[in-house]
>>> print(open('input_29.txt').read())   # compact mmCIF, N, CA and C atoms
# COMPACT_ATOMS: atom_id res chain seq x y z
N MET O 97 154.39 104.34 135.55
CA MET O 97 155.10 103.95 134.37
C MET O 97 155.01 105.10 133.37
N PRO O 98 156.14 105.56 132.85
CA PRO O 98 156.12 106.65 131.88
C PRO O 98 155.51 106.17 130.58
N GLY O 99 154.83 107.11 129.90
CA GLY O 99 154.19 106.80 128.63
C GLY O 99 155.22 106.64 127.52
N LEU O 100 154.74 106.15 126.39
CA LEU O 100 155.63 105.94 125.26
C LEU O 100 156.19 107.24 124.70
N PHE O 101 155.42 108.32 124.81
CA PHE O 101 155.83 109.57 124.19
C PHE O 101 156.32 110.59 125.21
N GLY O 102 156.69 110.15 126.38
CA GLY O 102 157.27 111.03 127.38
C GLY O 102 156.28 112.01 127.96
N ARG O 103 155.05 111.57 128.20
CA ARG O 103 154.05 112.49 128.73
C ARG O 103 154.30 112.80 130.20
N GLU O 104 154.94 111.95 130.85
CA GLU O 104 155.25 112.21 132.25
C GLU O 104 156.68 112.72 132.32
N GLY O 105 156.86 113.79 133.03
CA GLY O 105 158.22 114.30 133.18
C GLY O 105 158.57 115.27 132.05
N ALA O 106 159.80 115.71 132.01
CA ALA O 106 160.27 116.68 131.02
C ALA O 106 160.51 116.01 129.68
N GLN O 107 160.30 116.78 128.62
CA GLN O 107 160.56 116.25 127.28
C GLN O 107 162.05 116.33 127.00
N PRO O 108 162.56 115.41 126.21
CA PRO O 108 163.99 115.44 125.92
C PRO O 108 164.35 116.64 125.05
N ALA O 109 165.54 117.15 125.23
CA ALA O 109 166.02 118.29 124.45
C ALA O 109 166.31 117.84 123.02
N PRO O 110 166.13 118.72 122.05
CA PRO O 110 166.43 118.34 120.67
C PRO O 110 167.93 118.08 120.51
N PRO O 111 168.30 117.20 119.60
CA PRO O 111 169.71 116.89 119.43
C PRO O 111 170.45 118.11 118.89
N THR O 112 171.67 118.29 119.36
CA THR O 112 172.49 119.41 118.91
C THR O 112 173.74 118.85 118.26
N ARG O 113 174.27 119.62 117.33
CA ARG O 113 175.50 119.17 116.70
C ARG O 113 176.68 119.67 117.53
N PRO O 114 177.72 118.89 117.63
CA PRO O 114 178.87 119.35 118.39
C PRO O 114 179.57 120.48 117.66
N ALA O 115 180.09 121.43 118.42
CA ALA O 115 180.79 122.57 117.83
C ALA O 115 182.11 122.09 117.24
N ALA O 116 182.40 122.61 116.06
CA ALA O 116 183.66 122.24 115.41
C ALA O 116 184.80 122.95 116.12
N ALA O 117 185.99 122.47 115.89
CA ALA O 117 187.15 123.03 116.58
C ALA O 117 187.38 124.47 116.18
N GLY O 118 187.16 124.82 114.90
CA GLY O 118 187.41 126.17 114.43
C GLY O 118 186.17 127.05 114.48
N ASP O 119 185.05 126.55 115.01
CA ASP O 119 183.80 127.29 115.04
C ASP O 119 183.85 128.31 116.16
N ALA O 120 183.76 129.61 115.81
CA ALA O 120 183.86 130.66 116.82
C ALA O 120 182.54 130.83 117.56
N ARG O 121 181.43 130.53 116.89
CA ARG O 121 180.13 130.70 117.54
C ARG O 121 179.64 129.38 118.10
N SER O 122 179.01 129.44 119.22
CA SER O 122 178.38 128.24 119.75
C SER O 122 176.90 128.28 119.38
N ASP O 123 176.18 127.20 119.56
CA ASP O 123 174.75 127.15 119.22
C ASP O 123 173.96 128.13 120.06
N ALA O 124 174.30 128.30 121.28
CA ALA O 124 173.57 129.20 122.16
C ALA O 124 173.72 130.65 121.68
N ALA O 125 174.86 131.01 121.17
CA ALA O 125 175.09 132.38 120.71
C ALA O 125 174.45 132.62 119.34
N SER O 126 174.36 131.60 118.49
CA SER O 126 173.83 131.80 117.14
C SER O 126 172.31 131.79 117.10
N THR O 127 171.64 131.24 118.08
CA THR O 127 170.18 131.16 118.08
C THR O 127 169.54 132.54 118.06
N PRO O 128 169.91 133.50 118.90
CA PRO O 128 169.29 134.83 118.82
C PRO O 128 169.60 135.52 117.49
N ASP O 129 170.82 135.31 116.97
CA ASP O 129 171.16 135.93 115.69
C ASP O 129 170.27 135.40 114.57
N ARG O 130 170.02 134.11 114.55
CA ARG O 130 169.14 133.53 113.53
C ARG O 130 167.73 134.04 113.66
N ARG O 131 167.26 134.18 114.89
CA ARG O 131 165.90 134.67 115.12
C ARG O 131 165.78 136.13 114.68
N LEU O 132 166.78 136.93 114.99
CA LEU O 132 166.75 138.33 114.58
C LEU O 132 166.82 138.45 113.05
N THR O 133 167.60 137.62 112.44
CA THR O 133 167.70 137.62 110.98
C THR O 133 166.35 137.24 110.37
N TRP O 134 165.72 136.23 110.94
CA TRP O 134 164.41 135.81 110.46
C TRP O 134 163.39 136.93 110.63
N LEU O 135 163.40 137.59 111.79
CA LEU O 135 162.48 138.71 112.03
C LEU O 135 162.71 139.84 111.04
N ASP O 136 163.97 140.14 110.76
CA ASP O 136 164.27 141.18 109.78
C ASP O 136 163.76 140.82 108.40
N ARG O 137 163.85 139.54 108.03
CA ARG O 137 163.33 139.10 106.73
C ARG O 137 161.82 139.16 106.66
N MET O 138 161.15 138.89 107.77
CA MET O 138 159.68 138.83 107.79
C MET O 138 159.03 140.20 108.00
N ARG O 139 159.77 141.18 108.47
CA ARG O 139 159.21 142.49 108.80
C ARG O 139 158.47 143.14 107.63
N PRO O 140 158.99 143.12 106.40
CA PRO O 140 158.23 143.76 105.30
C PRO O 140 156.87 143.11 105.04
N PHE O 141 156.72 141.85 105.34
CA PHE O 141 155.44 141.16 105.11
C PHE O 141 154.45 141.44 106.23
N ARG O 142 154.94 141.80 107.40
CA ARG O 142 154.06 141.98 108.55
C ARG O 142 153.64 143.43 108.78
N GLU O 143 154.37 144.39 108.25
CA GLU O 143 154.05 145.78 108.54
C GLU O 143 152.89 146.27 107.68
N ARG O 144 152.25 147.31 108.14
CA ARG O 144 151.13 147.89 107.40
C ARG O 144 151.63 148.57 106.15
N ARG O 145 150.87 148.40 105.09
CA ARG O 145 151.23 149.05 103.84
C ARG O 145 150.46 150.35 103.73
N GLU O 146 151.08 151.32 103.10
CA GLU O 146 150.41 152.58 102.86
C GLU O 146 149.32 152.37 101.81
N ARG O 147 148.20 152.96 102.03
CA ARG O 147 147.09 152.83 101.10
C ARG O 147 147.33 153.71 99.89
N GLU O 148 147.12 153.14 98.71
CA GLU O 148 147.33 153.89 97.48
C GLU O 148 146.10 154.75 97.23
N VAL O 149 146.29 156.04 97.20
CA VAL O 149 145.17 156.96 97.00
C VAL O 149 145.22 157.64 95.64
N SER O 150 146.13 157.23 94.80
CA SER O 150 146.21 157.83 93.47
C SER O 150 145.14 157.23 92.56
N ILE O 151 144.96 157.85 91.44
CA ILE O 151 143.95 157.43 90.48
C ILE O 151 144.53 156.49 89.43
N ASP O 152 145.81 156.17 89.56
CA ASP O 152 146.48 155.33 88.56
C ASP O 152 145.81 153.98 88.37
N GLY O 153 145.43 153.33 89.45
CA GLY O 153 144.80 152.01 89.35
C GLY O 153 143.48 152.07 88.61
N ALA O 154 142.68 153.08 88.91
CA ALA O 154 141.38 153.22 88.24
C ALA O 154 141.57 153.52 86.75
N LEU O 155 142.56 154.34 86.44
CA LEU O 155 142.82 154.64 85.02
C LEU O 155 143.31 153.42 84.27
N ARG O 156 144.16 152.62 84.92
CA ARG O 156 144.64 151.39 84.27
C ARG O 156 143.50 150.42 84.03
N ALA O 157 142.59 150.30 85.02
CA ALA O 157 141.44 149.40 84.86
C ALA O 157 140.52 149.88 83.73
N LEU O 158 140.30 151.19 83.65
CA LEU O 158 139.46 151.74 82.58
C LEU O 158 140.12 151.53 81.23
N GLU O 159 141.43 151.75 81.16
CA GLU O 159 142.14 151.54 79.91
C GLU O 159 142.06 150.08 79.46
N ARG O 160 142.21 149.15 80.40
CA ARG O 160 142.12 147.72 80.10
C ARG O 160 140.71 147.37 79.60
N GLN O 161 139.69 147.93 80.26
CA GLN O 161 138.31 147.66 79.86
C GLN O 161 138.04 148.19 78.45
N LEU O 162 138.49 149.40 78.17
CA LEU O 162 138.27 149.96 76.84
C LEU O 162 139.05 149.21 75.76
N ARG O 163 140.26 148.76 76.10
CA ARG O 163 141.06 148.00 75.14
C ARG O 163 140.38 146.66 74.83
N ASP O 164 139.85 146.00 75.87
CA ASP O 164 139.14 144.74 75.65
C ASP O 164 137.87 144.95 74.82
N GLU O 165 137.15 146.01 75.14
CA GLU O 165 135.93 146.31 74.39
C GLU O 165 136.26 146.62 72.94
N HIS O 166 137.32 147.36 72.72
CA HIS O 166 137.70 147.70 71.34
C HIS O 166 138.16 146.46 70.57
N SER O 167 138.83 145.55 71.26
CA SER O 167 139.28 144.35 70.55
C SER O 167 138.12 143.46 70.16
N THR O 168 137.04 143.44 70.95
CA THR O 168 135.90 142.60 70.61
C THR O 168 134.88 143.33 69.73
N LEU O 169 134.74 144.64 69.93
CA LEU O 169 133.71 145.38 69.20
C LEU O 169 134.27 146.43 68.25
N GLY O 170 135.59 146.48 68.10
CA GLY O 170 136.21 147.54 67.31
C GLY O 170 135.72 147.61 65.88
N ASP O 171 135.64 146.47 65.20
CA ASP O 171 135.18 146.47 63.81
C ASP O 171 133.71 146.87 63.71
N LEU O 172 132.92 146.49 64.71
CA LEU O 172 131.50 146.87 64.71
C LEU O 172 131.34 148.37 64.93
N ILE O 173 132.13 148.91 65.84
CA ILE O 173 132.05 150.34 66.14
C ILE O 173 132.47 151.15 64.92
N ASP O 174 133.52 150.70 64.25
CA ASP O 174 133.98 151.41 63.05
C ASP O 174 132.90 151.41 61.96
N ALA O 175 132.26 150.28 61.73
CA ALA O 175 131.20 150.20 60.73
C ALA O 175 130.00 151.04 61.16
N TRP O 176 129.65 151.02 62.44
CA TRP O 176 128.54 151.81 62.97
C TRP O 176 128.80 153.30 62.72
N ASN O 177 130.02 153.76 63.04
CA ASN O 177 130.34 155.18 62.87
C ASN O 177 130.39 155.58 61.40
N ALA O 178 130.71 154.64 60.51
CA ALA O 178 130.78 154.97 59.09
C ALA O 178 129.40 155.09 58.45
N VAL O 179 128.41 154.34 58.95
CA VAL O 179 127.10 154.28 58.30
C VAL O 179 126.04 155.14 59.00
N VAL O 180 126.02 155.14 60.32
CA VAL O 180 124.95 155.79 61.09
C VAL O 180 125.17 157.31 61.08
N PRO O 181 124.12 158.10 60.86
CA PRO O 181 124.23 159.56 60.90
C PRO O 181 124.63 160.05 62.30
N ALA O 182 125.29 161.18 62.34
CA ALA O 182 125.83 161.72 63.60
C ALA O 182 124.77 161.91 64.69
N PRO O 183 123.57 162.43 64.39
CA PRO O 183 122.59 162.59 65.47
C PRO O 183 122.21 161.25 66.13
N LEU O 184 122.16 160.19 65.35
CA LEU O 184 121.82 158.88 65.92
C LEU O 184 122.99 158.26 66.67
N GLN O 185 124.21 158.61 66.28
CA GLN O 185 125.38 158.10 67.00
C GLN O 185 125.41 158.64 68.42
N GLY O 186 124.91 159.87 68.60
CA GLY O 186 124.92 160.47 69.93
C GLY O 186 123.91 159.88 70.90
N ILE O 187 122.87 159.25 70.39
CA ILE O 187 121.83 158.74 71.29
C ILE O 187 121.94 157.25 71.55
N ALA O 188 122.83 156.56 70.84
CA ALA O 188 122.91 155.10 70.97
C ALA O 188 124.35 154.66 71.15
N ARG O 189 124.51 153.50 71.78
CA ARG O 189 125.84 152.89 71.89
C ARG O 189 125.72 151.39 71.73
N ILE O 190 126.76 150.79 71.17
CA ILE O 190 126.77 149.34 70.96
C ILE O 190 127.10 148.65 72.28
N VAL O 191 126.27 147.68 72.65
CA VAL O 191 126.47 146.94 73.88
C VAL O 191 127.26 145.67 73.62
N GLY O 192 126.89 144.93 72.59
CA GLY O 192 127.60 143.69 72.29
C GLY O 192 126.89 142.88 71.23
N VAL O 193 127.50 141.73 70.94
CA VAL O 193 126.94 140.81 69.96
C VAL O 193 126.77 139.46 70.64
N ALA O 194 125.59 138.88 70.51
CA ALA O 194 125.34 137.55 71.07
C ALA O 194 124.46 136.78 70.08
N GLN O 195 124.94 135.65 69.65
CA GLN O 195 124.22 134.75 68.75
C GLN O 195 123.72 135.47 67.50
N GLY O 196 124.58 136.31 66.93
CA GLY O 196 124.24 136.98 65.68
C GLY O 196 123.40 138.22 65.83
N THR O 197 123.10 138.64 67.05
CA THR O 197 122.27 139.83 67.26
C THR O 197 123.13 140.94 67.85
N LEU O 198 123.22 142.06 67.16
CA LEU O 198 123.91 143.25 67.65
C LEU O 198 122.94 144.02 68.52
N THR O 199 123.29 144.23 69.78
CA THR O 199 122.43 144.95 70.70
C THR O 199 122.93 146.38 70.83
N VAL O 200 122.00 147.32 70.61
CA VAL O 200 122.30 148.75 70.69
C VAL O 200 121.46 149.32 71.82
N ALA O 201 122.09 150.06 72.74
CA ALA O 201 121.40 150.63 73.89
C ALA O 201 121.12 152.10 73.67
N VAL O 202 119.92 152.53 74.05
CA VAL O 202 119.53 153.94 74.04
C VAL O 202 118.98 154.30 75.41
N ALA O 203 118.94 155.61 75.72
CA ALA O 203 118.55 156.04 77.05
C ALA O 203 117.04 156.16 77.24
N THR O 204 116.33 156.54 76.20
CA THR O 204 114.89 156.80 76.35
C THR O 204 114.11 156.06 75.29
N SER O 205 112.81 155.97 75.53
CA SER O 205 111.95 155.30 74.54
C SER O 205 111.82 156.16 73.29
N GLY O 206 111.91 157.48 73.42
CA GLY O 206 111.88 158.35 72.25
C GLY O 206 113.09 158.11 71.35
N ALA O 207 114.25 157.93 71.96
CA ALA O 207 115.45 157.63 71.19
C ALA O 207 115.33 156.25 70.54
N SER O 208 114.71 155.32 71.25
CA SER O 208 114.50 153.99 70.69
C SER O 208 113.60 154.06 69.46
N TYR O 209 112.54 154.86 69.56
CA TYR O 209 111.61 155.03 68.43
C TYR O 209 112.34 155.63 67.23
N GLU O 210 113.14 156.68 67.50
CA GLU O 210 113.85 157.36 66.42
C GLU O 210 114.84 156.41 65.73
N LEU O 211 115.59 155.64 66.52
CA LEU O 211 116.56 154.71 65.95
C LEU O 211 115.86 153.56 65.22
N SER O 212 114.78 153.06 65.79
CA SER O 212 114.04 151.97 65.13
C SER O 212 113.47 152.42 63.79
N ARG O 213 112.96 153.67 63.71
CA ARG O 213 112.45 154.20 62.44
C ARG O 213 113.57 154.28 61.40
N ALA O 214 114.75 154.73 61.83
CA ALA O 214 115.87 154.84 60.90
C ALA O 214 116.32 153.46 60.43
N LEU O 215 116.32 152.48 61.34
CA LEU O 215 116.71 151.12 60.98
C LEU O 215 115.73 150.53 59.96
N ARG O 216 114.44 150.73 60.20
CA ARG O 216 113.44 150.22 59.26
C ARG O 216 113.47 150.97 57.94
N GLY O 217 113.96 152.21 57.96
CA GLY O 217 114.01 153.03 56.74
C GLY O 217 115.21 152.73 55.86
N GLY O 218 115.95 151.67 56.12
CA GLY O 218 117.05 151.30 55.24
C GLY O 218 118.41 151.29 55.93
N LEU O 219 118.50 151.85 57.11
CA LEU O 219 119.78 151.88 57.83
C LEU O 219 120.23 150.48 58.23
N GLU O 220 119.29 149.62 58.59
CA GLU O 220 119.67 148.26 59.00
C GLU O 220 120.30 147.49 57.84
N ARG O 221 119.73 147.63 56.65
CA ARG O 221 120.28 146.94 55.47
C ARG O 221 121.69 147.42 55.17
N ARG O 222 121.90 148.75 55.22
CA ARG O 222 123.24 149.31 54.97
C ARG O 222 124.24 148.87 56.04
N LEU O 223 123.76 148.81 57.29
CA LEU O 223 124.65 148.36 58.38
C LEU O 223 125.04 146.91 58.22
N LEU O 224 124.08 146.06 57.90
CA LEU O 224 124.38 144.63 57.76
C LEU O 224 125.33 144.36 56.59
N GLU O 225 125.32 145.23 55.58
CA GLU O 225 126.28 145.09 54.49
C GLU O 225 127.69 145.43 54.95
N LYS O 226 127.81 146.41 55.84
CA LYS O 226 129.11 146.87 56.32
C LYS O 226 129.64 146.05 57.50
N LEU O 227 128.73 145.54 58.32
CA LEU O 227 129.13 144.81 59.52
C LEU O 227 129.71 143.44 59.17
N PRO O 228 130.52 142.85 60.06
CA PRO O 228 131.05 141.51 59.81
C PRO O 228 129.93 140.49 59.70
N PRO O 229 130.22 139.35 59.08
CA PRO O 229 129.18 138.33 58.87
C PRO O 229 128.61 137.73 60.15
N ARG O 230 129.25 137.93 61.29
CA ARG O 230 128.73 137.37 62.54
C ARG O 230 127.47 138.07 63.02
N VAL O 231 127.13 139.23 62.43
CA VAL O 231 125.93 139.98 62.81
C VAL O 231 124.84 139.70 61.79
N LYS O 232 123.70 139.20 62.28
CA LYS O 232 122.56 138.87 61.41
C LYS O 232 121.40 139.84 61.58
N ARG O 233 121.25 140.41 62.78
CA ARG O 233 120.14 141.34 63.03
C ARG O 233 120.56 142.35 64.07
N ILE O 234 119.78 143.43 64.20
CA ILE O 234 120.09 144.51 65.14
C ILE O 234 118.90 144.70 66.07
N LYS O 235 119.18 144.75 67.37
CA LYS O 235 118.12 144.91 68.37
C LYS O 235 118.39 146.19 69.16
N VAL O 236 117.35 146.99 69.35
CA VAL O 236 117.45 148.24 70.10
C VAL O 236 116.88 147.97 71.51
N LYS O 237 117.63 148.39 72.52
CA LYS O 237 117.24 148.13 73.91
C LYS O 237 117.26 149.45 74.67
N VAL O 238 116.20 149.72 75.44
CA VAL O 238 116.15 150.93 76.25
C VAL O 238 116.73 150.61 77.62
N VAL O 239 117.75 151.38 77.98
CA VAL O 239 118.36 151.26 79.31
C VAL O 239 118.30 152.63 79.96
N GLY O 240 118.50 152.67 81.25
CA GLY O 240 118.41 153.96 81.98
C GLY O 240 119.37 154.99 81.49
N GLU O 241 120.59 154.56 81.20
CA GLU O 241 121.63 155.50 80.79
C GLU O 241 122.40 154.88 79.64
N ALA O 242 122.40 155.49 78.48
CA ALA O 242 123.09 154.90 77.31
C ALA O 242 124.53 155.29 77.26
>>> encode(input="input_29.txt", output="structure tokens")
Amino acid sequence: MPGLFGREGAQPAPPTRPAAAGDARSDAASTPDRRLTWLDRMRPFRERREREVSIDGALRALERQLRDEHSTLGDLIDAWNAVVPAPLQGIARIVGVAQGTLTVAVATSGASYELSRALRGGLERRLLEKLPPRVKRIKVKVVGEA
């Protein structure tokens, strides 16, 4: 007894539409054309892409990073450059602001000592007057590379 889903024997052919009287192509002739058209459409997605070896992507990423950093820290950097003496600007960089604390990174403990002395000597008070109200204190952090 054959099964309900035609498991025994050949499966039935899919239904076909009858050819119209004015139809020049038959279904048998149009099937390869449709397949070739489909293959032509899919070819750009399947072929290997050339690897981009230019530096444009890296430059765009760096530009985006600097633009984001400037939008979040721009006012702080401007105030820092206006108040801090040039020798101290060269040894320190602003890392960010979190919960009212401005974090400044330096490369060595000697630079940290020098900046901390300047901050205690009145530089912190002048900076806090110039900085936006979201900054309440300044923290110096030693990192490997400032």
>>> residues_around(input="input_29.txt", residues="segment 181-184 of chain O", least_positions_apart="5", cutoff="12 Å", atoms="only C-alpha atoms", output="PDB file with N, CA and C atoms, in the frame of the given file")
ATOM      1  N   ALA O 175     132.260 150.280  61.730  1.00  0.00           N
ATOM      2  CA  ALA O 175     131.200 150.200  60.730  1.00  0.00           C
ATOM      3  C   ALA O 175     130.000 151.040  61.160  1.00  0.00           C
ATOM      4  N   TRP O 176     129.650 151.020  62.440  1.00  0.00           N
ATOM      5  CA  TRP O 176     128.540 151.810  62.970  1.00  0.00           C
ATOM      6  C   TRP O 176     128.800 153.300  62.720  1.00  0.00           C
ATOM      7  N   ARG O 189     124.510 153.500  71.780  1.00  0.00           N
ATOM      8  CA  ARG O 189     125.840 152.890  71.890  1.00  0.00           C
ATOM      9  C   ARG O 189     125.720 151.390  71.730  1.00  0.00           C
ATOM     10  N   ILE O 190     126.760 150.790  71.170  1.00  0.00           N
ATOM     11  CA  ILE O 190     126.770 149.340  70.960  1.00  0.00           C
ATOM     12  C   ILE O 190     127.100 148.650  72.280  1.00  0.00           C
ATOM     13  N   VAL O 200     122.000 147.320  70.610  1.00  0.00           N
ATOM     14  CA  VAL O 200     122.300 148.750  70.690  1.00  0.00           C
ATOM     15  C   VAL O 200     121.460 149.320  71.820  1.00  0.00           C
ATOM     16  N   ALA O 201     122.090 150.060  72.740  1.00  0.00           N
ATOM     17  CA  ALA O 201     121.400 150.630  73.890  1.00  0.00           C
ATOM     18  C   ALA O 201     121.120 152.100  73.670  1.00  0.00           C
ATOM     19  N   VAL O 202     119.920 152.530  74.050  1.00  0.00           N
ATOM     20  CA  VAL O 202     119.530 153.940  74.040  1.00  0.00           C
ATOM     21  C   VAL O 202     118.980 154.300  75.410  1.00  0.00           C
ATOM     22  N   ALA O 203     118.940 155.610  75.720  1.00  0.00           N
ATOM     23  CA  ALA O 203     118.550 156.040  77.050  1.00  0.00           C
ATOM     24  C   ALA O 203     117.040 156.160  77.240  1.00  0.00           C
ATOM     25  N   GLY O 206     111.910 157.480  73.420  1.00  0.00           N
ATOM     26  CA  GLY O 206     111.880 158.350  72.250  1.00  0.00           C
ATOM     27  C   GLY O 206     113.090 158.110  71.350  1.00  0.00           C
ATOM     28  N   ALA O 207     114.250 157.930  71.960  1.00  0.00           N
ATOM     29  CA  ALA O 207     115.450 157.630  71.190  1.00  0.00           C
ATOM     30  C   ALA O 207     115.330 156.250  70.540  1.00  0.00           C
ATOM     31  N   SER O 208     114.710 155.320  71.250  1.00  0.00           N
ATOM     32  CA  SER O 208     114.500 153.990  70.690  1.00  0.00           C
ATOM     33  C   SER O 208     113.600 154.060  69.460  1.00  0.00           C
ATOM     34  N   TYR O 209     112.540 154.860  69.560  1.00  0.00           N
ATOM     35  CA  TYR O 209     111.610 155.030  68.430  1.00  0.00           C
ATOM     36  C   TYR O 209     112.340 155.630  67.230  1.00  0.00           C
ATOM     37  N   GLU O 210     113.140 156.680  67.500  1.00  0.00           N
ATOM     38  CA  GLU O 210     113.850 157.360  66.420  1.00  0.00           C
ATOM     39  C   GLU O 210     114.840 156.410  65.730  1.00  0.00           C
ATOM     40  N   LEU O 211     115.590 155.640  66.520  1.00  0.00           N
ATOM     41  CA  LEU O 211     116.560 154.710  65.950  1.00  0.00           C
ATOM     42  C   LEU O 211     115.860 153.560  65.220  1.00  0.00           C
ATOM     43  N   SER O 212     114.780 153.060  65.790  1.00  0.00           N
ATOM     44  CA  SER O 212     114.040 151.970  65.130  1.00  0.00           C
ATOM     45  C   SER O 212     113.470 152.420  63.790  1.00  0.00           C
ATOM     46  N   ARG O 213     112.960 153.670  63.710  1.00  0.00           N
ATOM     47  CA  ARG O 213     112.450 154.200  62.440  1.00  0.00           C
ATOM     48  C   ARG O 213     113.570 154.280  61.400  1.00  0.00           C
ATOM     49  N   ALA O 214     114.750 154.730  61.830  1.00  0.00           N
ATOM     50  CA  ALA O 214     115.870 154.840  60.900  1.00  0.00           C
ATOM     51  C   ALA O 214     116.320 153.460  60.430  1.00  0.00           C
ATOM     52  N   LEU O 215     116.320 152.480  61.340  1.00  0.00           N
ATOM     53  CA  LEU O 215     116.710 151.120  60.980  1.00  0.00           C
ATOM     54  C   LEU O 215     115.730 150.530  59.960  1.00  0.00           C
ATOM     55  N   LEU O 219     118.500 151.850  57.110  1.00  0.00           N
ATOM     56  CA  LEU O 219     119.780 151.880  57.830  1.00  0.00           C
ATOM     57  C   LEU O 219     120.230 150.480  58.230  1.00  0.00           C
ATOM     58  N   ARG O 222     121.900 148.750  55.220  1.00  0.00           N
ATOM     59  CA  ARG O 222     123.240 149.310  54.970  1.00  0.00           C
ATOM     60  C   ARG O 222     124.240 148.870  56.040  1.00  0.00           C
ATOM     61  N   LEU O 223     123.760 148.810  57.290  1.00  0.00           N
ATOM     62  CA  LEU O 223     124.650 148.360  58.380  1.00  0.00           C
ATOM     63  C   LEU O 223     125.040 146.910  58.220  1.00  0.00           C
TER      64      LEU O 223
END
>>> select_by_dssp(input="input_29.txt", residues="segment 132-237 of chain O", states="strand (DSSP E)", output="mmCIF file with N, CA and C atoms, in the coordinates of the input")
data_model
loop_
_atom_site.group_PDB
_atom_site.id
_atom_site.type_symbol
_atom_site.label_atom_id
_atom_site.label_comp_id
_atom_site.auth_asym_id
_atom_site.auth_seq_id
_atom_site.Cartn_x
_atom_site.Cartn_y
_atom_site.Cartn_z
ATOM 1 N N ALA O 188 122.830 156.560 70.840
ATOM 2 C CA ALA O 188 122.910 155.100 70.970
ATOM 3 C C ALA O 188 124.350 154.660 71.150
ATOM 4 N N ARG O 189 124.510 153.500 71.780
ATOM 5 C CA ARG O 189 125.840 152.890 71.890
ATOM 6 C C ARG O 189 125.720 151.390 71.730
ATOM 7 N N ILE O 190 126.760 150.790 71.170
ATOM 8 C CA ILE O 190 126.770 149.340 70.960
ATOM 9 C C ILE O 190 127.100 148.650 72.280
ATOM 10 N N VAL O 191 126.270 147.680 72.650
ATOM 11 C CA VAL O 191 126.470 146.940 73.880
ATOM 12 C C VAL O 191 127.260 145.670 73.620
ATOM 13 N N GLY O 192 126.890 144.930 72.590
ATOM 14 C CA GLY O 192 127.600 143.690 72.290
ATOM 15 C C GLY O 192 126.890 142.880 71.230
ATOM 16 N N VAL O 193 127.500 141.730 70.940
ATOM 17 C CA VAL O 193 126.940 140.810 69.960
ATOM 18 C C VAL O 193 126.770 139.460 70.640
ATOM 19 N N ALA O 194 125.590 138.880 70.510
ATOM 20 C CA ALA O 194 125.340 137.550 71.070
ATOM 21 C C ALA O 194 124.460 136.780 70.080
ATOM 22 N N THR O 197 123.100 138.640 67.050
ATOM 23 C CA THR O 197 122.270 139.830 67.260
ATOM 24 C C THR O 197 123.130 140.940 67.850
ATOM 25 N N LEU O 198 123.220 142.060 67.160
ATOM 26 C CA LEU O 198 123.910 143.250 67.650
ATOM 27 C C LEU O 198 122.940 144.020 68.520
ATOM 28 N N THR O 199 123.290 144.230 69.780
ATOM 29 C CA THR O 199 122.430 144.950 70.700
ATOM 30 C C THR O 199 122.930 146.380 70.830
ATOM 31 N N VAL O 200 122.000 147.320 70.610
ATOM 32 C CA VAL O 200 122.300 148.750 70.690
ATOM 33 C C VAL O 200 121.460 149.320 71.820
ATOM 34 N N ALA O 201 122.090 150.060 72.740
ATOM 35 C CA ALA O 201 121.400 150.630 73.890
ATOM 36 C C ALA O 201 121.120 152.100 73.670
ATOM 37 N N VAL O 202 119.920 152.530 74.050
ATOM 38 C CA VAL O 202 119.530 153.940 74.040
ATOM 39 C C VAL O 202 118.980 154.300 75.410
ATOM 40 N N ARG O 233 121.250 140.410 62.780
ATOM 41 C CA ARG O 233 120.140 141.340 63.030
ATOM 42 C C ARG O 233 120.560 142.350 64.070
ATOM 43 N N ILE O 234 119.780 143.430 64.200
ATOM 44 C CA ILE O 234 120.090 144.510 65.140
ATOM 45 C C ILE O 234 118.900 144.700 66.070
ATOM 46 N N LYS O 235 119.180 144.750 67.370
ATOM 47 C CA LYS O 235 118.120 144.910 68.370
ATOM 48 C C LYS O 235 118.390 146.190 69.160
ATOM 49 N N VAL O 236 117.350 146.990 69.350
ATOM 50 C CA VAL O 236 117.450 148.240 70.100
ATOM 51 C C VAL O 236 116.880 147.970 71.510
ATOM 52 N N LYS O 237 117.630 148.390 72.520
ATOM 53 C CA LYS O 237 117.240 148.130 73.910
ATOM 54 C C LYS O 237 117.260 149.450 74.670
#
>>> atom_distance(input="input_29.txt", atom1="atom N of Ser205 of chain O", atom2="atom CA of Val236 of chain O")
10.5 Å
>>> atom_distance(input="input_29.txt", atom1="atom N of Gly192 of chain O", atom2="atom N of Ala178 of chain O")
16.0 Å
>>> closest_residue(input="input_29.txt", among="O:Pro228, O:Arg130, O:Lys235, O:Arg147", to="Thr199 of chain O", atoms="all atoms listed in the file")
O:Lys235
>>> atom_distance(input="input_29.txt", atom1="atom C of Leu155 of chain O", atom2="atom N of Gly170 of chain O")
19.2 Å
